[in-house]
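Enquirer: Let me begin by handing over the structure; questions about it come next.
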Amino acid sequence: SKATEQELTRARSATARYHDLAQAEDDGYVNFELYESGEGHHYIKFELLDGTFDPEHPEMLLYSPVPGENRLELAGVEYLIPIALSPSPPAGFTA
């Protein structure tokens, strides 16, 4: 839907600076010490774990190794809502 496209555009714009892992770390994202094949290294910003969904502020960033290079690239974002803070799933992206 048009609303979903607008939300995704906002999410991409807000996280564009995190293509630079150093910027993500400067903004408070820390290595969660979790690597999943097909997902990458997980970096979390604990202060965003507040029970709300905000497309412009993902709780977790995913970084994948660049083949043949000694660096990571932004591969995705995750939105986390702890069950204790929101026993019912909050609204997410518009369907």
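Labels used: A, B, ... for chains in the order of the structure tokens, numbers from 1 for residues in each chain, and numbers from 1 for ligands as shown.
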Enumerate the residues of chain A with a DSSP assignment of strand (DSSP E or B), computed from the backbone, and present them as an MDAnalysis selection string.
Expert: chainID A and resid 30:36 40:44 60:65 72:78
Enquirer: With N, CA and C atoms retained, could you export that selection as an mmCIF file, in the first residue's frame?
Expert:
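This went into out_17.cif:
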data_model
loop_
_atom_site.group_PDB
_atom_site.id
_atom_site.type_symbol
_atom_site.label_atom_id
_atom_site.label_comp_id
_atom_site.auth_asym_id
_atom_site.auth_seq_id
_atom_site.Cartn_x
_atom_site.Cartn_y
_atom_site.Cartn_z
ATOM 1 N N VAL A 30 25.122 -1.293 20.112
ATOM 2 C CA VAL A 30 26.233 -2.113 20.587
ATOM 3 C C VAL A 30 26.108 -3.531 20.028
ATOM 4 N N ASN A 31 27.258 -4.167 19.884
ATOM 5 C CA ASN A 31 27.282 -5.528 19.373
ATOM 6 C C ASN A 31 26.581 -6.443 20.377
ATOM 7 N N PHE A 32 25.536 -7.128 19.931
ATOM 8 C CA PHE A 32 24.746 -8.021 20.776
ATOM 9 C C PHE A 32 25.413 -9.389 20.888
ATOM 10 N N GLU A 33 26.566 -9.542 20.235
ATOM 11 C CA GLU A 33 27.333 -10.801 20.255
ATOM 12 C C GLU A 33 26.498 -11.967 19.724
ATOM 13 N N LEU A 34 25.710 -11.681 18.688
ATOM 14 C CA LEU A 34 24.903 -12.711 18.043
ATOM 15 C C LEU A 34 25.143 -12.626 16.546
ATOM 16 N N TYR A 35 25.576 -13.741 15.972
ATOM 17 C CA TYR A 35 25.734 -13.826 14.524
ATOM 18 C C TYR A 35 24.860 -14.964 14.036
ATOM 19 N N GLU A 36 23.998 -14.683 13.090
ATOM 20 C CA GLU A 36 23.138 -15.690 12.475
ATOM 21 C C GLU A 36 23.431 -15.709 10.984
ATOM 22 N N GLY A 40 23.386 -11.988 9.818
ATOM 23 C CA GLY A 40 24.574 -11.207 10.118
ATOM 24 C C GLY A 40 24.753 -10.962 11.600
ATOM 25 N N HIS A 41 25.583 -9.970 11.893
ATOM 26 C CA HIS A 41 25.878 -9.551 13.265
ATOM 27 C C HIS A 41 24.774 -8.607 13.722
ATOM 28 N N HIS A 42 24.336 -8.795 14.953
ATOM 29 C CA HIS A 42 23.235 -8.006 15.503
ATOM 30 C C HIS A 42 23.781 -6.903 16.417
ATOM 31 N N TYR A 43 23.360 -5.687 16.157
ATOM 32 C CA TYR A 43 23.710 -4.529 16.980
ATOM 33 C C TYR A 43 22.414 -3.949 17.523
ATOM 34 N N ILE A 44 22.359 -3.764 18.849
ATOM 35 C CA ILE A 44 21.125 -3.339 19.499
ATOM 36 C C ILE A 44 21.310 -1.997 20.198
ATOM 37 N N MET A 60 17.228 -2.861 16.460
ATOM 38 C CA MET A 60 18.390 -3.660 16.093
ATOM 39 C C MET A 60 18.779 -3.418 14.641
ATOM 40 N N LEU A 61 20.086 -3.372 14.405
ATOM 41 C CA LEU A 61 20.643 -3.276 13.058
ATOM 42 C C LEU A 61 21.402 -4.564 12.771
ATOM 43 N N LEU A 62 21.320 -5.031 11.532
ATOM 44 C CA LEU A 62 21.986 -6.267 11.124
ATOM 45 C C LEU A 62 23.097 -5.943 10.140
ATOM 46 N N TYR A 63 24.290 -6.463 10.405
ATOM 47 C CA TYR A 63 25.453 -6.217 9.553
ATOM 48 C C TYR A 63 26.024 -7.543 9.057
ATOM 49 N N SER A 64 26.269 -7.615 7.758
ATOM 50 C CA SER A 64 26.841 -8.817 7.142
ATOM 51 C C SER A 64 28.261 -8.544 6.686
ATOM 52 N N PRO A 65 29.124 -9.573 6.784
ATOM 53 C CA PRO A 65 30.492 -9.423 6.278
ATOM 54 C C PRO A 65 30.480 -9.227 4.764
ATOM 55 N N LEU A 72 32.023 -4.783 7.567
ATOM 56 C CA LEU A 72 30.630 -5.193 7.607
ATOM 57 C C LEU A 72 29.781 -4.155 6.893
ATOM 58 N N GLU A 73 28.677 -4.611 6.294
ATOM 59 C CA GLU A 73 27.747 -3.678 5.653
ATOM 60 C C GLU A 73 26.355 -3.875 6.241
ATOM 61 N N LEU A 74 25.604 -2.788 6.311
ATOM 62 C CA LEU A 74 24.241 -2.841 6.818
ATOM 63 C C LEU A 74 23.411 -3.724 5.901
ATOM 64 N N ALA A 75 22.783 -4.742 6.484
ATOM 65 C CA ALA A 75 21.997 -5.690 5.694
ATOM 66 C C ALA A 75 20.515 -5.619 6.018
ATOM 67 N N GLY A 76 20.165 -5.076 7.174
ATOM 68 C CA GLY A 76 18.755 -5.015 7.533
ATOM 69 C C GLY A 76 18.558 -4.384 8.890
ATOM 70 N N VAL A 77 17.302 -4.249 9.251
ATOM 71 C CA VAL A 77 16.920 -3.712 10.553
ATOM 72 C C VAL A 77 15.884 -4.648 11.165
ATOM 73 N N GLU A 78 15.780 -4.608 12.488
ATOM 74 C CA GLU A 78 14.763 -5.377 13.196
ATOM 75 C C GLU A 78 14.084 -4.472 14.207
#
Enquirer: Show which residues sit within 9 Å of Thr15 of chain A, as a ChimeraX atom specification. Count only C-alpha atoms, and ignore same-chain residues fewer than 3 positions away.
Expert: /A:10-12,18-19,24,56-58,61,77
Enquirer: Quick check for you: according to DSSP on this backbone, which residues of chain A are classed as alpha helix (DSSP H)? Reply as JSON, numbers by chain.
Expert: {"A": [2, 3, 4, 5, 6, 7, 8, 9, 10, 11, 12, 13, 14, 15, 21, 22, 23, 24, 25, 26]}
Enquirer: Could you jot down the atom CA of Arg17 of chain A to atom CA of Tyr79 of chain A separation for me, Å, one decimal place?
Expert: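 Calculated distance between atom CA of Arg17 of chain A and atom CA of Tyr79 of chain A is 17.5 Å.
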Enquirer: Measuring atom to atom with only C-alpha atoms, identify which of A:Asp54, A:Ser37, A:Ala91, A:Pro67 is nearest to Glu7 of chain A.
Expert: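 For Glu7 of chain A, the nearest of the candidates is A:Asp54.
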